[in-house]
Amino acid sequence: MTQPTLIRRVPGRRPRLLDLFCCQGGAAKGYADAGFDVTGVDKDPQPRYPFRFVQADAIAYVLEHGAEFDFIHGSPPCQHDSDCQRIQGREHPDLIAPTRTALETTGRPWVLENVGGAVPKLRGPVMLCGQMFRLANYRHRFFEPGGGFRLGQPGHPAHTVPQAKMGRPVPPGHYGQFVGNFSGVPLAREVLGVPWMNRDGIRECIPPAYAEHIGRAALRPGTKRPALHGEASCPGTGPCAAGHLKWEQRATTDPDRIRATWTHAPYNVGVACGPSGLVVVDLDVPKDNSSSDAPDGAATFGALCERAGHAVPATYRTRTASGGTHLYFTAPPGPRLTNTAGTIGELVDTRAWGGYVVAAGSTTPAGRYEALSGPETAVLPAWLQAVLRPAPARSVAPLRVPAVDGSRAALAALHAECGAVAAAPDGARNVTLNRSAFKVGRFVAWGDLPRQVAEDAFQGAGEAAGLTAAECRATIRSALDSSLRTARPREAA
């Protein structure tokens, strides 16, 4: 299950956002920065509003015009649930439920914002704080996503900087509370990112950084990212009651769970290859900025099959959104196969345990995934298994290098980095090998370490960690080449 496609896209124009109860436009600025064309609505004149503005009753306007927009933000007045207003005993209308009802009639994705006192009325709200966006402020706002829009809860950094008393001048080394008849309007404008606002607008505003975060999340659906919470935002309930479960552990074929999930949004489909018993060969196409005469993954794979004396296997295949091809194979019995990148050839990757692919019928901003054949899936050919099967673990032999200037430091670095590679966990082995070989490459560039010695040592460490011989060779060669190109002189290091 990957993120659904929610935002309507029209070629030649930016997605349109309706900003209800807009006030002076803090949220509007953030949504515009994220890529929306914003229209604000408020019952009162808002001469400071920085975008197109309509003076009207927000609920009546969204009922009549909401469906004309691609995304809707609503910030009904917070005074009914504000601590300050309750202390003063003032009466204010509660518009959260009527606003939600109006939003639900539009058929568009939306978000409903309010303050902490309104949280019991909000459904699954996400809290945003200035610390999440490196603002010198702790302002908390709560956002209820709806209409199929999903919003993850970011991690909440600890409040370690002292905060000035409510509305008081801000002492050095403190964060301000810009509420009520506060002092320090220029500081508040700078901290919150709202230089056009006056005091009235600042004390109620949503910092633009919050809305930009939401806007970018809204424009991101349709990507290949799993639509599941990460470890940082794990609620510790449901499937995760005994500890956080990653996407591969939560993959399911339970029709009841799938049907229940699809009642919330029209998700794309992700196939967890390992649990599904699949190995998928991903034949990619060169990127736009690559050489125009570079062969694509399909041509490379075809040449590999020819050299192996076999035709390209007949199996279930799909066209990817970028124009590449996915070949689906049934995984063989025996040791688990894992993902590879470039092991078979340039622009030829594989997905197995630890990987997933987007299924036919899914749509992303780049295009649609389509089936190119019937559903029959062939067993992964034996010759291809041999290429992908991890090499048996082998110990790293003692290293000996010529006694040249600096070789003692080079040898120590090589031992340390090979140890890091051999101890790297699943999922980080190739990245660790690349990083470690790059770090040692400077000693090769300075003449302290023969390249062949470094290559042999890292080859042994990589294979001991479970990487294939071909994957090790490609990664080591690339990392050392890059390090040699960019290494600074010894005196400047």
# chains A, B, ... in the order shown; residues from 1 in each chain; ligands from 1
$ residues_around --residues "range 29-34 of chain A" --least-positions-apart "4" --cutoff "8 Å" --atoms "only C-alpha atoms" --output "list in words"
Leu17, Gly25, Val38, Pro50, Pro207, Pro208, Ala209, Tyr210, Ala211, Glu212, His213, Ile214, Gly215 and Arg216 of chain A
$ select_by_dssp --residues "range 201-271 of chain A" --states "alpha helix (DSSP H)" --output "number ranges by chain"
A: 201-204, 208-219, 247-250, 255-262
$ closest_residue --among "A:Ala60, A:Leu135, A:Ala217, A:Ala158" --to "Val191 in chain A" --atoms "only C-alpha atoms"
A:Leu135
$ residues_around --residues "Tyr328 in chain A" --least-positions-apart "6" --cutoff "9 Å" --atoms "only C-alpha atoms" --output "list of chain:residue names"
A:Leu278, A:Val279, A:Val280, A:Val281, A:Asp282, A:Thr315, A:Tyr316, A:Arg317, A:Thr318, A:Thr377, A:Ala378, A:Val379, A:Leu380
$ closest_residue --among "A:His310, A:His326, A:Lys43, A:Arg336" --to "Gly277 in chain A" --atoms "only C-alpha atoms"
A:Arg336
$ atom_distance --atom1 "CA of Leu433 in chain A" --atom2 "CA of Thr343 in chain A"
14.1 Å
$ closest_residue --among "A:Arg13, A:Arg203, A:Arg429, A:Arg442" --to "Ala409 in chain A" --atoms "only C-alpha atoms"
A:Arg442
$ atom_distance --atom1 "CA of His73 in chain A" --atom2 "CA of Leu112 in chain A"
6.1 Å
$ closest_residue --among "A:Gly324, A:Gly236, A:Gly374, A:Gly297" --to "Gly342 in chain A" --atoms "only C-alpha atoms"
A:Gly297
$ closest_residue --among "A:Ala352, A:Leu228, A:Ile96, A:Leu372" --to "Ala314 in chain A" --atoms "only C-alpha atoms"
A:Leu372
$ residues_around --residues "range 436-439 of chain A" --least-positions-apart "5" --cutoff "9 Å" --atoms "only C-alpha atoms" --output "ChimeraX atom specification"
/A:413-414,416-418,420-421,431,454-455,458,475-484
$ write_last_selection --atoms "C-alpha atoms" --output "mmCIF file, in the first residue's frame"
data_model
loop_
_atom_site.group_PDB
_atom_site.id
_atom_site.type_symbol
_atom_site.label_atom_id
_atom_site.label_comp_id
_atom_site.auth_asym_id
_atom_site.auth_seq_id
_atom_site.Cartn_x
_atom_site.Cartn_y
_atom_site.Cartn_z
ATOM 1 C CA ALA A 413 42.314 3.061 8.570
ATOM 2 C CA LEU A 414 41.898 0.090 6.251
ATOM 3 C CA ALA A 416 38.989 -0.096 10.859
ATOM 4 C CA GLU A 417 36.870 0.461 7.745
ATOM 5 C CA CYS A 418 36.924 -3.234 6.745
ATOM 6 C CA ALA A 420 32.865 -1.557 9.817
ATOM 7 C CA VAL A 421 31.860 -3.200 6.538
ATOM 8 C CA VAL A 431 26.134 1.945 1.766
ATOM 9 C CA ALA A 454 42.513 -1.756 -0.729
ATOM 10 C CA GLU A 455 40.309 -3.452 -3.331
ATOM 11 C CA PHE A 458 37.226 -4.455 0.897
ATOM 12 C CA THR A 475 30.758 -0.519 -5.314
ATOM 13 C CA ILE A 476 34.462 -0.566 -4.440
ATOM 14 C CA ARG A 477 35.497 0.555 -7.917
ATOM 15 C CA SER A 478 33.004 3.422 -7.926
ATOM 16 C CA ALA A 479 33.922 4.587 -4.408
ATOM 17 C CA LEU A 480 37.676 4.539 -5.004
ATOM 18 C CA ASP A 481 37.352 6.281 -8.376
ATOM 19 C CA SER A 482 35.286 9.023 -6.763
ATOM 20 C CA SER A 483 37.695 9.374 -3.841
ATOM 21 C CA LEU A 484 40.710 9.648 -6.138
#
$ atom_distance --atom1 "CA of Thr330 in chain A" --atom2 "CA of Arg351 in chain A"
11.8 Å
$ closest_residue --among "A:Ala303, A:Val179, A:Arg225, A:Pro235" --to "Pro154 in chain A" --atoms "only C-alpha atoms"
A:Pro235
$ decode --residues "range 150-161 of chain A" --atoms "all heavy atoms" --output "mmCIF file, in the first residue's frame"
data_model
loop_
_atom_site.group_PDB
_atom_site.id
_atom_site.type_symbol
_atom_site.label_atom_id
_atom_site.label_comp_id
_atom_site.auth_asym_id
_atom_site.auth_seq_id
_atom_site.Cartn_x
_atom_site.Cartn_y
_atom_site.Cartn_z
ATOM 1 N N ARG A 150 -3.754 11.953 4.134
ATOM 2 C CA ARG A 150 -3.075 11.421 5.308
ATOM 3 C C ARG A 150 -1.891 12.314 5.647
ATOM 4 O O ARG A 150 -1.183 12.786 4.756
ATOM 5 C CB ARG A 150 -2.573 9.995 5.062
ATOM 6 C CG ARG A 150 -3.675 8.968 4.931
ATOM 7 C CD ARG A 150 -3.113 7.659 4.403
ATOM 8 N NE ARG A 150 -2.035 7.153 5.246
ATOM 9 C CZ ARG A 150 -2.213 6.331 6.283
ATOM 10 N NH1 ARG A 150 -3.429 5.925 6.591
ATOM 11 N NH2 ARG A 150 -1.187 5.899 7.006
ATOM 12 N N LEU A 151 -1.676 12.528 6.947
ATOM 13 C CA LEU A 151 -0.578 13.368 7.397
ATOM 14 C C LEU A 151 0.103 12.671 8.566
ATOM 15 O O LEU A 151 -0.538 12.373 9.578
ATOM 16 C CB LEU A 151 -1.095 14.746 7.826
ATOM 17 C CG LEU A 151 -0.051 15.781 8.251
ATOM 18 C CD1 LEU A 151 0.857 16.139 7.081
ATOM 19 C CD2 LEU A 151 -0.740 17.035 8.791
ATOM 20 N N GLY A 152 1.384 12.372 8.423
ATOM 21 C CA GLY A 152 2.119 11.697 9.489
ATOM 22 C C GLY A 152 2.495 12.651 10.608
ATOM 23 O O GLY A 152 2.632 13.858 10.401
ATOM 24 N N GLN A 153 2.636 12.096 11.818
ATOM 25 C CA GLN A 153 3.049 12.892 12.973
ATOM 26 C C GLN A 153 4.573 12.963 13.019
ATOM 27 O O GLN A 153 5.237 11.959 13.252
ATOM 28 C CB GLN A 153 2.527 12.271 14.262
ATOM 29 C CG GLN A 153 2.994 12.963 15.540
ATOM 30 C CD GLN A 153 2.527 14.405 15.637
ATOM 31 O OE1 GLN A 153 1.338 14.679 15.690
ATOM 32 N NE2 GLN A 153 3.470 15.349 15.641
ATOM 33 N N PRO A 154 5.153 14.152 12.821
ATOM 34 C CA PRO A 154 6.618 14.253 12.923
ATOM 35 C C PRO A 154 7.072 14.050 14.365
ATOM 36 O O PRO A 154 6.296 14.205 15.313
ATOM 37 C CB PRO A 154 6.910 15.687 12.447
ATOM 38 C CG PRO A 154 5.655 16.162 11.796
ATOM 39 C CD PRO A 154 4.537 15.420 12.439
ATOM 40 N N GLY A 155 8.342 13.705 14.531
ATOM 41 C CA GLY A 155 8.912 13.655 15.867
ATOM 42 C C GLY A 155 8.905 15.041 16.497
ATOM 43 O O GLY A 155 9.068 16.058 15.819
ATOM 44 N N HIS A 156 8.697 15.084 17.818
ATOM 45 C CA HIS A 156 8.559 16.358 18.520
ATOM 46 C C HIS A 156 9.809 16.610 19.355
ATOM 47 O O HIS A 156 10.002 15.980 20.402
ATOM 48 C CB HIS A 156 7.320 16.325 19.417
ATOM 49 C CG HIS A 156 7.003 17.644 20.054
ATOM 50 N ND1 HIS A 156 6.196 17.769 21.147
ATOM 51 C CD2 HIS A 156 7.399 18.905 19.734
ATOM 52 C CE1 HIS A 156 6.090 19.039 21.493
ATOM 53 N NE2 HIS A 156 6.823 19.749 20.643
ATOM 54 N N PRO A 157 10.695 17.525 18.927
ATOM 55 C CA PRO A 157 11.899 17.806 19.714
ATOM 56 C C PRO A 157 11.543 18.344 21.098
ATOM 57 O O PRO A 157 10.515 19.014 21.291
ATOM 58 C CB PRO A 157 12.630 18.864 18.882
ATOM 59 C CG PRO A 157 12.073 18.736 17.502
ATOM 60 C CD PRO A 157 10.652 18.305 17.694
ATOM 61 N N ALA A 158 12.389 18.046 22.061
ATOM 62 C CA ALA A 158 12.152 18.513 23.425
ATOM 63 C C ALA A 158 12.227 20.038 23.478
ATOM 64 O O ALA A 158 12.980 20.679 22.744
ATOM 65 C CB ALA A 158 13.184 17.901 24.368
ATOM 66 N N HIS A 159 11.430 20.621 24.390
ATOM 67 C CA HIS A 159 11.463 22.062 24.629
ATOM 68 C C HIS A 159 12.576 22.351 25.641
ATOM 69 O O HIS A 159 12.383 22.209 26.848
ATOM 70 C CB HIS A 159 10.123 22.541 25.178
ATOM 71 C CG HIS A 159 9.008 22.459 24.201
ATOM 72 N ND1 HIS A 159 7.764 23.023 24.423
ATOM 73 C CD2 HIS A 159 8.926 21.880 22.965
ATOM 74 C CE1 HIS A 159 6.983 22.782 23.383
ATOM 75 N NE2 HIS A 159 7.671 22.096 22.488
ATOM 76 N N THR A 160 13.735 22.739 25.157
ATOM 77 C CA THR A 160 14.885 22.940 26.037
ATOM 78 C C THR A 160 15.196 24.410 26.289
ATOM 79 O O THR A 160 15.911 24.736 27.233
ATOM 80 C CB THR A 160 16.132 22.270 25.432
ATOM 81 O OG1 THR A 160 16.366 22.803 24.121
ATOM 82 C CG2 THR A 160 15.937 20.759 25.333
ATOM 83 N N VAL A 161 14.669 25.314 25.456
ATOM 84 C CA VAL A 161 14.916 26.744 25.621
ATOM 85 C C VAL A 161 13.816 27.321 26.502
ATOM 86 O O VAL A 161 12.631 27.058 26.272
ATOM 87 C CB VAL A 161 14.934 27.462 24.254
ATOM 88 C CG1 VAL A 161 15.137 28.961 24.435
ATOM 89 C CG2 VAL A 161 16.026 26.876 23.374
#
